[in-house]
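Peer 1: File work.tsv follows (TSV, C-alpha atoms and all ligand atoms):
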chain	number	residue	atom	x	y	z
X	1	MET	CA	-6.41	25.70	4.26
X	2	LEU	CA	-3.89	23.18	2.91
X	3	ASP	CA	-4.00	22.69	-0.88
X	4	HIS	CA	-5.66	19.52	-2.13
X	5	LEU	CA	-2.18	18.12	-2.81
X	6	THR	CA	1.08	19.03	-1.06
X	7	VAL	CA	4.26	17.34	-2.27
X	8	VAL	CA	6.85	17.86	0.44
X	9	SER	CA	9.90	19.08	-1.40
X	10	HIS	CA	12.88	18.81	0.92
X	11	PRO	CA	16.38	17.35	0.35
X	12	LEU	CA	16.19	15.16	3.47
X	13	VAL	CA	12.83	13.70	2.45
X	14	ALA	CA	13.97	13.07	-1.14
X	15	HIS	CA	17.26	11.48	-0.04
X	16	LYS	CA	15.66	9.18	2.54
X	17	LEU	CA	12.95	8.16	0.05
X	18	THR	CA	15.59	7.19	-2.53
X	19	ILE	CA	17.21	4.82	-0.02
X	20	MET	CA	13.79	3.37	0.84
X	21	ARG	CA	13.01	2.73	-2.83
X	22	ASP	CA	16.26	0.79	-3.34
X	23	LYS	CA	15.46	-2.92	-3.25
X	24	GLU	CA	18.79	-3.63	-1.55
X	25	THR	CA	17.80	-1.60	1.53
X	26	SER	CA	17.31	-3.86	4.56
X	27	THR	CA	14.11	-4.15	6.59
X	28	ALA	CA	15.81	-2.48	9.57
X	29	SER	CA	16.96	0.50	7.49
X	30	PHE	CA	13.61	0.80	5.73
X	31	ARG	CA	11.79	0.92	9.08
X	32	LYS	CA	14.19	3.48	10.52
X	33	LEU	CA	13.95	5.72	7.44
X	34	LEU	CA	10.16	5.54	7.44
X	35	ARG	CA	10.16	6.68	11.04
X	36	GLU	CA	12.50	9.57	10.26
X	37	ILE	CA	10.58	10.65	7.16
X	38	SER	CA	7.27	10.49	9.02
X	39	LEU	CA	8.50	13.23	11.37
X	40	LEU	CA	9.25	15.50	8.42
X	41	LEU	CA	5.89	14.74	6.77
X	42	ALA	CA	4.05	15.26	10.07
X	43	TYR	CA	5.56	18.74	10.22
X	44	GLU	CA	3.86	19.59	6.90
X	45	VAL	CA	0.52	17.88	7.51
X	46	THR	CA	0.08	19.79	10.77
X	47	ARG	CA	0.60	23.16	9.09
X	48	GLU	CA	-2.34	25.51	9.50
X	49	LEU	CA	-3.81	23.76	12.50
X	50	PRO	CA	-6.26	26.07	14.26
X	51	MET	CA	-4.38	28.15	16.82
X	52	THR	CA	-5.30	30.04	19.93
X	53	THR	CA	-3.31	31.73	22.69
X	54	ARG	CA	-2.72	30.76	26.28
X	55	ARG	CA	-1.88	33.15	29.09
X	56	ILE	CA	1.42	32.05	30.61
X	57	GLU	CA	4.09	33.56	32.76
X	58	THR	CA	7.71	33.41	31.61
X	59	PRO	CA	10.40	34.05	34.23
X	60	LEU	CA	10.25	37.71	33.05
X	61	GLN	CA	6.64	38.57	32.40
X	62	GLU	CA	3.17	37.40	31.42
X	63	MET	CA	2.33	36.81	27.77
X	64	ASP	CA	-0.37	35.39	25.50
X	65	ALA	CA	1.55	32.53	23.89
X	66	PRO	CA	0.41	30.51	20.84
X	67	ALA	CA	-1.07	27.06	21.42
X	68	ILE	CA	-2.97	24.56	19.26
X	69	GLU	CA	-6.70	25.04	19.65
X	70	GLY	CA	-9.28	22.39	20.35
X	71	LYS	CA	-9.25	18.73	21.19
X	72	LYS	CA	-6.29	16.42	20.74
X	73	LEU	CA	-5.60	15.36	17.15
X	74	ALA	CA	-6.75	11.95	15.98
X	75	LEU	CA	-4.29	9.84	13.98
X	76	ILE	CA	-5.95	7.06	12.03
X	77	SER	CA	-3.70	4.30	10.77
X	78	ILE	CA	-4.78	2.14	7.86
X	79	LEU	CA	-3.48	-1.29	8.85
X	80	ARG	CA	-0.96	-2.57	8.55
X	81	ALA	CA	1.44	-0.30	6.69
X	82	GLY	CA	-0.01	2.84	8.28
X	83	ASN	CA	1.60	1.81	11.56
X	84	GLY	CA	5.03	2.49	10.07
X	85	LEU	CA	4.13	6.18	9.71
X	86	LEU	CA	2.22	6.29	12.98
X	87	ASP	CA	5.17	5.57	15.29
X	88	GLY	CA	7.19	8.55	14.10
X	89	ILE	CA	4.25	10.95	14.16
X	90	LEU	CA	3.43	9.93	17.72
X	91	GLU	CA	6.93	11.00	18.74
X	92	LEU	CA	6.06	14.50	17.54
X	93	ILE	CA	2.45	14.52	18.76
X	94	PRO	CA	2.51	12.19	21.78
X	95	ALA	CA	-0.91	13.23	23.10
X	96	ALA	CA	-2.73	12.39	19.86
X	97	ARG	CA	-5.59	9.90	20.00
X	98	VAL	CA	-5.12	6.90	17.73
X	99	GLY	CA	-7.55	4.88	15.67
X	100	PHE	CA	-7.08	1.87	13.40
X	101	VAL	CA	-8.90	0.86	10.26
X	102	GLY	CA	-8.20	-2.62	8.90
X	103	LEU	CA	-8.72	-2.86	5.17
X	104	TYR	CA	-7.20	-5.33	2.76
X	105	ARG	CA	-7.25	-5.15	-0.98
X	106	ASP	CA	-9.02	-7.99	-2.72
X	107	PRO	CA	-6.20	-9.02	-5.11
X	108	GLU	CA	-8.62	-9.57	-8.00
X	109	THR	CA	-10.95	-6.60	-7.75
X	110	LEU	CA	-8.46	-4.32	-5.92
X	111	GLN	CA	-11.48	-3.19	-3.86
X	112	PRO	CA	-11.05	-2.66	-0.09
X	113	VAL	CA	-12.57	-5.14	2.36
X	114	GLN	CA	-12.93	-3.96	5.97
X	115	TYR	CA	-11.94	-6.36	8.77
X	116	TYR	CA	-11.31	-3.99	11.71
X	117	CYS	CA	-12.29	-0.51	12.88
X	118	LYS	CA	-11.59	1.16	16.22
X	119	LEU	CA	-11.81	4.95	16.33
X	120	PRO	CA	-11.33	7.61	19.04
X	121	ASP	CA	-14.44	9.35	20.36
X	122	GLN	CA	-15.64	12.86	19.50
X	123	LEU	CA	-14.15	12.76	16.02
X	124	GLU	CA	-16.39	15.67	15.02
X	125	ASP	CA	-14.29	17.97	17.26
X	126	ARG	CA	-10.85	16.71	16.22
X	127	VAL	CA	-8.52	17.26	13.29
X	128	CYS	CA	-8.11	13.72	11.91
X	129	ILE	CA	-4.97	12.65	10.06
X	130	VAL	CA	-5.31	9.39	8.13
X	131	VAL	CA	-1.95	7.71	7.55
X	132	ASP	CA	-1.02	5.11	4.95
X	133	PRO	CA	2.38	5.07	3.21
X	134	MET	CA	1.02	4.20	-0.25
X	135	LEU	CA	-1.82	6.05	-2.00
X	136	ALA	CA	-2.20	3.63	-4.91
X	137	THR	CA	-5.69	3.08	-6.39
X	138	GLY	CA	-7.10	5.30	-3.65
X	139	ASN	CA	-9.85	2.75	-2.97
X	140	SER	CA	-8.73	1.92	0.59
X	141	SER	CA	-8.01	5.54	1.39
X	142	ALA	CA	-11.41	6.68	0.12
X	143	ALA	CA	-13.09	3.85	2.08
X	144	ALA	CA	-11.22	4.79	5.28
X	145	VAL	CA	-12.26	8.42	4.90
X	146	ASP	CA	-15.85	7.29	4.27
X	147	LEU	CA	-15.75	5.42	7.60
X	148	LEU	CA	-14.38	8.46	9.42
X	149	LYS	CA	-17.02	10.75	7.97
X	150	LYS	CA	-19.74	8.28	8.98
X	151	ALA	CA	-18.28	8.39	12.50
X	152	GLY	CA	-18.64	12.18	12.48
X	153	ALA	CA	-15.21	13.47	11.40
X	154	LYS	CA	-15.38	16.78	9.57
X	155	ASN	CA	-11.78	17.94	9.38
X	156	ILE	CA	-9.67	15.22	7.76
X	157	ARG	CA	-6.19	15.21	6.19
X	158	PHE	CA	-4.46	12.32	4.44
X	159	LEU	CA	-0.75	11.63	4.87
X	160	CYS	CA	1.23	9.23	2.70
X	161	LEU	CA	4.79	8.61	1.58
X	162	LEU	CA	4.13	7.91	-2.10
X	163	ALA	CA	1.11	8.66	-4.25
X	164	ALA	CA	0.05	7.54	-7.72
X	165	PRO	CA	-1.85	9.97	-9.98
X	166	GLU	CA	-4.74	7.47	-10.04
X	167	GLY	CA	-5.04	7.52	-6.24
X	168	ILE	CA	-4.89	11.30	-6.08
X	169	ALA	CA	-7.65	11.55	-8.70
X	170	ARG	CA	-9.79	8.99	-6.86
X	171	MET	CA	-9.45	10.88	-3.57
X	172	LYS	CA	-10.16	14.21	-5.23
X	173	GLU	CA	-13.34	12.80	-6.73
X	174	ALA	CA	-14.54	11.02	-3.56
X	175	HIS	CA	-13.27	13.49	-0.94
X	176	PRO	CA	-12.36	16.88	-2.43
X	177	ASP	CA	-12.37	18.34	1.10
X	178	VAL	CA	-9.48	16.09	2.27
X	179	PRO	CA	-6.00	17.54	1.62
X	180	ILE	CA	-3.26	15.04	0.75
X	181	VAL	CA	0.34	15.43	1.90
X	182	THR	CA	2.95	13.17	0.28
X	183	ALA	CA	6.72	12.93	-0.20
X	184	ALA	CA	6.42	12.18	-3.94
X	185	VAL	CA	4.01	11.50	-6.79
X	186	ASP	CA	5.09	8.57	-8.97
X	187	LYS	CA	4.33	7.73	-12.61
X	188	CYS	CA	1.43	5.26	-12.53
X	189	LEU	CA	0.08	1.95	-11.22
X	190	ASN	CA	0.93	-1.43	-12.74
X	191	ASP	CA	-1.66	-4.15	-13.48
X	192	HIS	CA	-1.50	-5.39	-9.87
X	193	GLY	CA	-2.21	-1.96	-8.42
X	194	TYR	CA	1.41	-1.34	-7.37
X	195	ILE	CA	2.91	2.12	-7.62
X	196	VAL	CA	5.61	2.40	-10.34
X	197	PRO	CA	8.50	2.98	-9.85
X	198	GLY	CA	7.38	2.90	-6.19
X	199	LEU	CA	9.13	0.91	-3.51
X	200	GLY	CA	7.26	-2.41	-3.60
X	201	ASP	CA	4.92	-3.57	-0.87
X	202	ALA	CA	5.41	-1.11	1.99
X	203	GLY	CA	4.07	-3.55	4.61
X	204	ASP	CA	6.36	-6.35	3.48
X	205	ARG	CA	9.35	-4.06	3.34
X	206	MET	CA	8.82	-2.60	6.82
X	207	PHE	CA	7.90	-5.85	8.55
X	208	GLY	CA	10.18	-8.21	6.57
X	209	THR	CA	7.34	-10.44	5.33
X	210	LYS	CA	7.23	-11.79	1.80
E	1	LIG	N1	0.59	-0.86	-1.51
E	1	LIG	C1	1.93	-1.03	-1.41
E	1	LIG	O1	2.44	-1.43	-0.39
E	1	LIG	N2	2.68	-0.75	-2.49
E	1	LIG	C2	2.17	-0.29	-3.65
E	1	LIG	O2	2.93	-0.03	-4.59
E	1	LIG	C3	0.77	-0.13	-3.73
E	1	LIG	C4	0.00	-0.42	-2.64
Just give me the structure as C-alpha cells.
Peer 2:
Amino acid sequence: MLDHLTVVSHPLVAHKLTIMRDKETSTASFRKLLREISLLLAYEVTRELPMTTRRIETPLQEMDAPAIEGKKLALISILRAGNGLLDGILELIPAARVGFVGLYRDPETLQPVQYYCKLPDQLEDRVCIVVDPMLATGNSSAAAVDLLKKAGAKNIRFLCLLAAPEGIARMKEAHPDVPIVTAAVDKCLNDHGYIVPGLGDAGDRMFGTK
C-alpha cells in the first residue's frame, strides 16, 4: 500500500518545479516541464500496482515474467488543468483508459460545481488515478473522488504537482483510503484559495489564458 501522502523527493522533480514556479517562465516552457515532471510522478504513483506473471519465451528459454495484473488503469483528469498531467502519463501508460470530470470552483464559496463527467466502464475492476496539478482546498478533488466511488471505483490514487496542507487534510478526512502523490507540499492557501508560494493558476499558466 502507498502511504496516505508521498512527496516525490528527486532532484529532477525539484529543479523542474522551481522553473515552473518562476513567473517569468513562458507558457511553452511551463507546458513542456509539466509533461516531463508528470512522467516522473507517474513512476511513483504506479508503485505497488498489483502484479502477476506471464509465461513467455525469450530467445533462450521459457520464463514466468512479471506483468501488471488486472484491467487497464483508468486515468481521470479533473478539467482543465488535469489535462496537463494527463498527456505525459499517457506516454508512459498508453493503454490506460481515460475519464474526465469537469468541476469549476465557485469563486465566492470555493465549492466545486460539476459541469461534465465521462468515465471509463468497469471502474470497480481498475486502479484509478485522479490527476489535477493543484491540490488546494481539496474540495474539487474530494468531489471528483466522490463521483468515482459512486461510479464503482474502489482502488483510487490521487496525483498532483503541488499540495497545500489544507487540501491534504480535506482529502484525508473525506477519503482516507486514497493515497496522494505530489512533488511538493507548500505553506498554505491565500484568501482566494491559491496555494502559497505555489505557481499561480496552473490552467492559465499551461494554456496561456489570463
Ligand atoms: N488552482 C490553481 O491553479 N492554483 C492554485 O494555487 C490553486 C488552485
Peer 1: In Å, rounded to a single decimal, give me how far atom CA of X:Lys150 is from atom CA of X:Asp3.
Peer 2: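 One can read the atom CA of X:Asp3 to atom CA of X:Lys150 distance as 23.5 Å.
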Peer 1: Which distance in Å separates atom CA of X:Met134 and atom CA of X:Gly102, to one decimal?
Peer 2: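 It comes out at 14.7 Å.
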Peer 1: With the cut-off set at 7 Å and counting only C-alpha atoms, tabulate each residue of stretch 48-147 of chain X with an atom at most that distance from an atom of stretch 173-195 of chain X, showing the nearest atom pair and its distance in Å to one decimal, ordered by chain and increasing number, as JSON lines.
Peer 2:
{"residue": "X:Ala136", "atom": "CA", "partner": "X:Ile195", "partner_atom": "CA", "distance": 6.0}
{"residue": "X:Thr137", "atom": "CA", "partner": "X:Gly193", "partner_atom": "CA", "distance": 6.5}
{"residue": "X:Ala142", "atom": "CA", "partner": "X:Ala174", "partner_atom": "CA", "distance": 6.5}
Peer 1: Find the nearest atom pair between each residue of stretch 62-177 of chain X and stretch 54-57 of chain X for residues within 6 Å, count all atoms listed in the file, give distances in Å to one decimal, sort rows by chain and ascending number, and present the table as a Markdown table.
Peer 2:
| residue | atom | partner | partner_atom | distance |
| --- | --- | --- | --- | --- |
| X:Glu62 | CA | X:Glu57 | CA | 4.2 |
| X:Met63 | CA | X:Ile56 | CA | 5.6 |
| X:Asp64 | CA | X:Arg55 | CA | 4.5 |
| X:Ala65 | CA | X:Arg54 | CA | 5.2 |
Peer 1: From the list X:Leu49, X:Leu39, X:Gly82, X:Lys32, which residue is nearest X:Ala67 when using only C-alpha atoms?
Peer 2: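 Result for the nearest residue to X:Ala67: X:Leu49.
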Peer 1: Which one of X:Ala169, X:Cys128, X:Leu17, X:Ala164 sits closest to X:Lys71 if you count all atoms listed in the file?
Peer 2: X:Cys128
Peer 1: Using only C-alpha atoms and all ligand atoms, what are the residues with an atom within 12 Å of ligand LIG 1 (chain E), set out as a ChimeraX atom specification?
Peer 2: /X:21,78-82,84,103-107,110-112,132-141,160-164,166-167,185-207,209-210
Peer 1: Just the number, please: distance in Å from atom CA of X:Ile37 to atom CA of X:Lys16, one decimal.
Peer 2: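 Distance between the two atoms: 7.0 Å.
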Peer 1: Here is a test: counting only C-alpha atoms, which residue of X:Arg126, X:His10, X:Arg31, X:Arg47 is nearest to X:Ile76?
Peer 2: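 So, comparing all the options, the nearest one is X:Arg126.
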